[in-house]
Amino acid sequence: MRFFLKTISRGLFALFLLVIMGTSANAQWVNNSTNGHWYRLTEGMYYGVHDEGPNDLFPDWFDAEAEAQSYNPDAHLVTINDQAENDWLVDTFGSETSFWIGFTDHSTYSSEGQWVWVSGEPVSFLNWDAGQPDNYLQGEDSAHLIHFGTPHWNDLGNDNTHGAGVNSPYRGIVELSGEMVANEMMGLGSIKAVFR
Ligand SMILES: [Ca+2]
Ligand SMILES: [Ca+2]
Ligand SMILES: [Ca+2]
């Protein structure tokens, strides 16, 4: 009987560990059942794309993309392909604050006014807020989702010396266009995408 109880309690402890690990993993990566992709927020908070140079003192949109890539070579700041994905992101991550998305017209990736997805996926859907993108003060090259409480996009600033650049820093939304294996979901190893 004692052995039986011990076995049971060991089993329960293992189950408890699984639940704890599963819960913490779920707090990070979330699956979108419509497209099978995985999403999470960056750990870091980032400002808009700053001018590179001695005054570039703040973690910025490029650093947010670098954090996305640190999880997996196939992970990037999110590419929003259609209205359904935009809706899912707002439902999942909320509209209380803004989030960086992987849309840019910075010269590193493109040219002024030619917006591209950092993932390299084609632009199939646009969701700018009214009057955007306006490249305010000739210095806005990174896009964010949730603009003044609306589920739309806005372009934001390149340096912290003008109005658009002194916004609060935001987290980025990371998208992994593949499937993670079970131990990766549970945070037990590096993340690998298994493509379908
Ligand atoms: Ca996507
Ligand atoms: Ca621009
Ligand atoms: Ca703008």
# chains A, B, ... in the order shown; residues from 1 in each chain; ligands from 1
>>> closest_atom_pairs(of="region 44-150 of chain A", to="region 31-36 of chain A", cutoff="10 Å", atoms="only C-alpha atoms", output="tab-separated table")
residue	atom	partner	partner_atom	distance
A:Ala84	CA	A:Thr34	CA	8.7
A:Glu85	CA	A:Thr34	CA	8.5
A:Trp88	CA	A:Asn32	CA	7.7
A:Leu89	CA	A:Asn32	CA	9.0
A:Thr92	CA	A:Asn32	CA	9.3
>>> residues_near_ligand(ligand="ligand 2", cutoff="9 Å", atoms="only C-alpha atoms and all ligand atoms", output="list in words")
Thr104, Asp105, His106, Ser107, Ser111, Glu112, Gly113, Gln114, Trp115, Pro133, Asp134, Asn135, Tyr136, Gln138, Gly139, Glu140, Asp141, Ser142, Asp155, Leu156, Gly157 and Asn158 of chain A
>>> select_by_dssp(residues="region 69-141 of chain A", states="alpha helix (DSSP H)", output="JSON, numbers by chain")
{"A": [69, 70, 71, 83, 84, 85, 86, 87, 88, 89, 90, 91, 92, 93]}
>>> residues_near_ligand(ligand="ligand 1", cutoff="9 Å", atoms="only C-alpha atoms and all ligand atoms", output="JSON, numbers by chain")
{"A": [35, 37, 78, 79, 80, 81, 82, 85, 86, 121, 175, 176, 177]}
>>> write_last_selection(atoms="C-alpha atoms", output="PDB file, in the first residue's frame")
ATOM      1  CA  ASN A  35      -2.811  28.710 -40.110  1.00  0.00           C
ATOM      2  CA  HIS A  37       1.658  29.203 -36.962  1.00  0.00           C
ATOM      3  CA  VAL A  78       4.889  39.060 -37.535  1.00  0.00           C
ATOM      4  CA  THR A  79       3.753  39.186 -41.166  1.00  0.00           C
ATOM      5  CA  ILE A  80       0.042  39.958 -41.249  1.00  0.00           C
ATOM      6  CA  ASN A  81      -1.262  38.219 -44.355  1.00  0.00           C
ATOM      7  CA  ASP A  82      -4.990  38.893 -44.086  1.00  0.00           C
ATOM      8  CA  GLU A  85      -4.707  37.058 -38.920  1.00  0.00           C
ATOM      9  CA  ASN A  86      -5.029  40.722 -37.885  1.00  0.00           C
ATOM     10  CA  GLU A 121       6.586  37.221 -47.757  1.00  0.00           C
ATOM     11  CA  GLU A 175       5.613  34.671 -35.773  1.00  0.00           C
ATOM     12  CA  LEU A 176       7.048  31.229 -36.465  1.00  0.00           C
ATOM     13  CA  SER A 177       5.572  29.815 -39.657  1.00  0.00           C
TER      14      SER A 177
END
>>> closest_residue(among="A:Ala64, A:Tyr71, A:Leu57, A:Gly48", to="ligand 3", atoms="only C-alpha atoms and all ligand atoms")
A:Gly48
>>> select_by_dssp(residues="region 27-191 of chain A", states="strand (DSSP E)", output="NGL selection string")
:A and (30-31 or 38-41 or 75-77 or 99-104 or 116-117 or 140-147 or 150-157 or 171-176 or 179-180)
>>> write_last_selection(atoms="N, CA and C atoms", output="tab-separated table (two decimals), in the first residue's frame")
chain	number	residue	atom	x	y	z
A	30	VAL	N	1.86	30.88	-28.59
A	30	VAL	CA	0.44	30.61	-28.77
A	30	VAL	C	0.23	30.15	-30.21
A	31	ASN	N	-0.56	29.09	-30.36
A	31	ASN	CA	-0.82	28.56	-31.69
A	31	ASN	C	-2.08	29.16	-32.30
A	38	TRP	N	2.92	29.72	-34.97
A	38	TRP	CA	3.10	30.02	-33.54
A	38	TRP	C	3.50	31.48	-33.36
A	39	TYR	N	3.02	32.05	-32.28
A	39	TYR	CA	3.26	33.48	-32.02
A	39	TYR	C	3.64	33.68	-30.56
A	40	ARG	N	4.43	34.71	-30.31
A	40	ARG	CA	4.72	35.12	-28.94
A	40	ARG	C	5.11	36.61	-28.97
A	41	LEU	N	5.11	37.21	-27.80
A	41	LEU	CA	5.60	38.58	-27.70
A	41	LEU	C	7.09	38.53	-27.39
A	75	ALA	N	11.88	32.48	-37.58
A	75	ALA	CA	10.97	33.37	-36.85
A	75	ALA	C	11.32	34.82	-37.16
A	76	HIS	N	10.29	35.63	-37.30
A	76	HIS	CA	10.45	37.06	-37.58
A	76	HIS	C	9.38	37.83	-36.84
A	77	LEU	N	9.52	39.14	-36.79
A	77	LEU	CA	8.38	39.97	-36.42
A	77	LEU	C	7.24	39.61	-37.37
A	99	PHE	N	2.00	47.00	-30.67
A	99	PHE	CA	3.02	45.96	-30.88
A	99	PHE	C	3.73	46.22	-32.21
A	100	TRP	N	5.03	46.02	-32.22
A	100	TRP	CA	5.76	46.11	-33.49
A	100	TRP	C	5.41	44.93	-34.37
A	101	ILE	N	5.24	45.21	-35.67
A	101	ILE	CA	5.04	44.15	-36.65
A	101	ILE	C	6.18	44.23	-37.67
A	102	GLY	N	6.30	43.19	-38.48
A	102	GLY	CA	7.47	43.09	-39.36
A	102	GLY	C	7.34	43.83	-40.66
A	103	PHE	N	6.73	45.01	-40.65
A	103	PHE	CA	6.49	45.78	-41.87
A	103	PHE	C	7.39	47.01	-41.83
A	104	THR	N	8.13	47.27	-42.90
A	104	THR	CA	9.11	48.34	-42.89
A	104	THR	C	9.34	48.91	-44.28
A	116	VAL	N	7.64	46.58	-47.10
A	116	VAL	CA	7.89	45.15	-47.29
A	116	VAL	C	7.81	44.44	-45.94
A	117	TRP	N	7.57	43.14	-46.01
A	117	TRP	CA	7.60	42.31	-44.79
A	117	TRP	C	9.01	41.79	-44.58
A	140	GLU	N	9.71	57.91	-40.50
A	140	GLU	CA	8.98	56.79	-39.90
A	140	GLU	C	9.07	55.58	-40.82
A	141	ASP	N	9.77	54.56	-40.39
A	141	ASP	CA	10.03	53.41	-41.26
A	141	ASP	C	9.67	52.06	-40.64
A	142	SER	N	9.02	52.06	-39.48
A	142	SER	CA	8.64	50.79	-38.87
A	142	SER	C	7.18	50.87	-38.45
A	143	ALA	N	6.45	49.75	-38.66
A	143	ALA	CA	5.00	49.76	-38.44
A	143	ALA	C	4.62	49.06	-37.15
A	144	HIS	N	3.53	49.56	-36.56
A	144	HIS	CA	2.99	48.91	-35.37
A	144	HIS	C	1.49	48.70	-35.52
A	145	LEU	N	1.00	47.71	-34.82
A	145	LEU	CA	-0.42	47.36	-34.79
A	145	LEU	C	-1.03	47.96	-33.53
A	146	ILE	N	-2.24	48.49	-33.65
A	146	ILE	CA	-2.99	49.22	-32.62
A	146	ILE	C	-2.55	50.68	-32.64
A	147	HIS	N	-3.35	51.49	-33.28
A	147	HIS	CA	-3.06	52.92	-33.39
A	147	HIS	C	-4.22	53.68	-32.76
A	150	THR	N	-7.26	51.60	-32.24
A	150	THR	CA	-7.90	50.90	-33.35
A	150	THR	C	-7.02	49.72	-33.78
A	151	PRO	N	-7.62	48.68	-34.36
A	151	PRO	CA	-6.83	47.51	-34.78
A	151	PRO	C	-6.17	47.73	-36.14
A	152	HIS	N	-5.61	48.93	-36.34
A	152	HIS	CA	-4.97	49.27	-37.61
A	152	HIS	C	-3.49	49.52	-37.41
A	153	TRP	N	-2.81	49.85	-38.49
A	153	TRP	CA	-1.35	50.03	-38.46
A	153	TRP	C	-0.99	51.50	-38.61
A	154	ASN	N	0.18	51.83	-38.09
A	154	ASN	CA	0.75	53.18	-38.24
A	154	ASN	C	2.25	53.02	-38.42
A	155	ASP	N	2.85	53.95	-39.15
A	155	ASP	CA	4.32	53.97	-39.22
A	155	ASP	C	4.85	54.88	-38.11
A	156	LEU	N	5.94	54.46	-37.51
A	156	LEU	CA	6.51	55.21	-36.38
A	156	LEU	C	7.98	55.48	-36.59
A	157	GLY	N	8.48	56.33	-35.66
A	157	GLY	CA	9.70	57.07	-35.85
A	157	GLY	C	11.04	56.39	-35.90
A	171	ARG	N	6.49	45.95	-27.15
A	171	ARG	CA	6.95	44.61	-27.48
A	171	ARG	C	6.63	44.34	-28.95
A	172	GLY	N	7.40	43.43	-29.55
A	172	GLY	CA	7.08	42.99	-30.90
A	172	GLY	C	6.30	41.68	-30.84
A	173	ILE	N	5.53	41.42	-31.89
A	173	ILE	CA	4.89	40.11	-32.02
A	173	ILE	C	5.76	39.27	-32.95
A	174	VAL	N	6.14	38.08	-32.46
A	174	VAL	CA	6.99	37.15	-33.22
A	174	VAL	C	6.10	36.09	-33.85
A	175	GLU	N	6.37	35.75	-35.11
A	175	GLU	CA	5.61	34.67	-35.77
A	175	GLU	C	6.58	33.61	-36.27
A	176	LEU	N	6.28	32.37	-35.97
A	176	LEU	CA	7.05	31.23	-36.46
A	176	LEU	C	6.13	30.42	-37.37
A	179	GLU	N	5.71	24.30	-37.29
A	179	GLU	CA	5.23	23.61	-36.11
A	179	GLU	C	6.41	23.33	-35.19
A	180	MET	N	6.19	23.50	-33.92
A	180	MET	CA	7.23	23.16	-32.96
A	180	MET	C	6.98	21.75	-32.45
>>> atom_distance(atom1="CA of Asn72 (chain A)", atom2="CA of Gln28 (chain A)")
14.2 Å
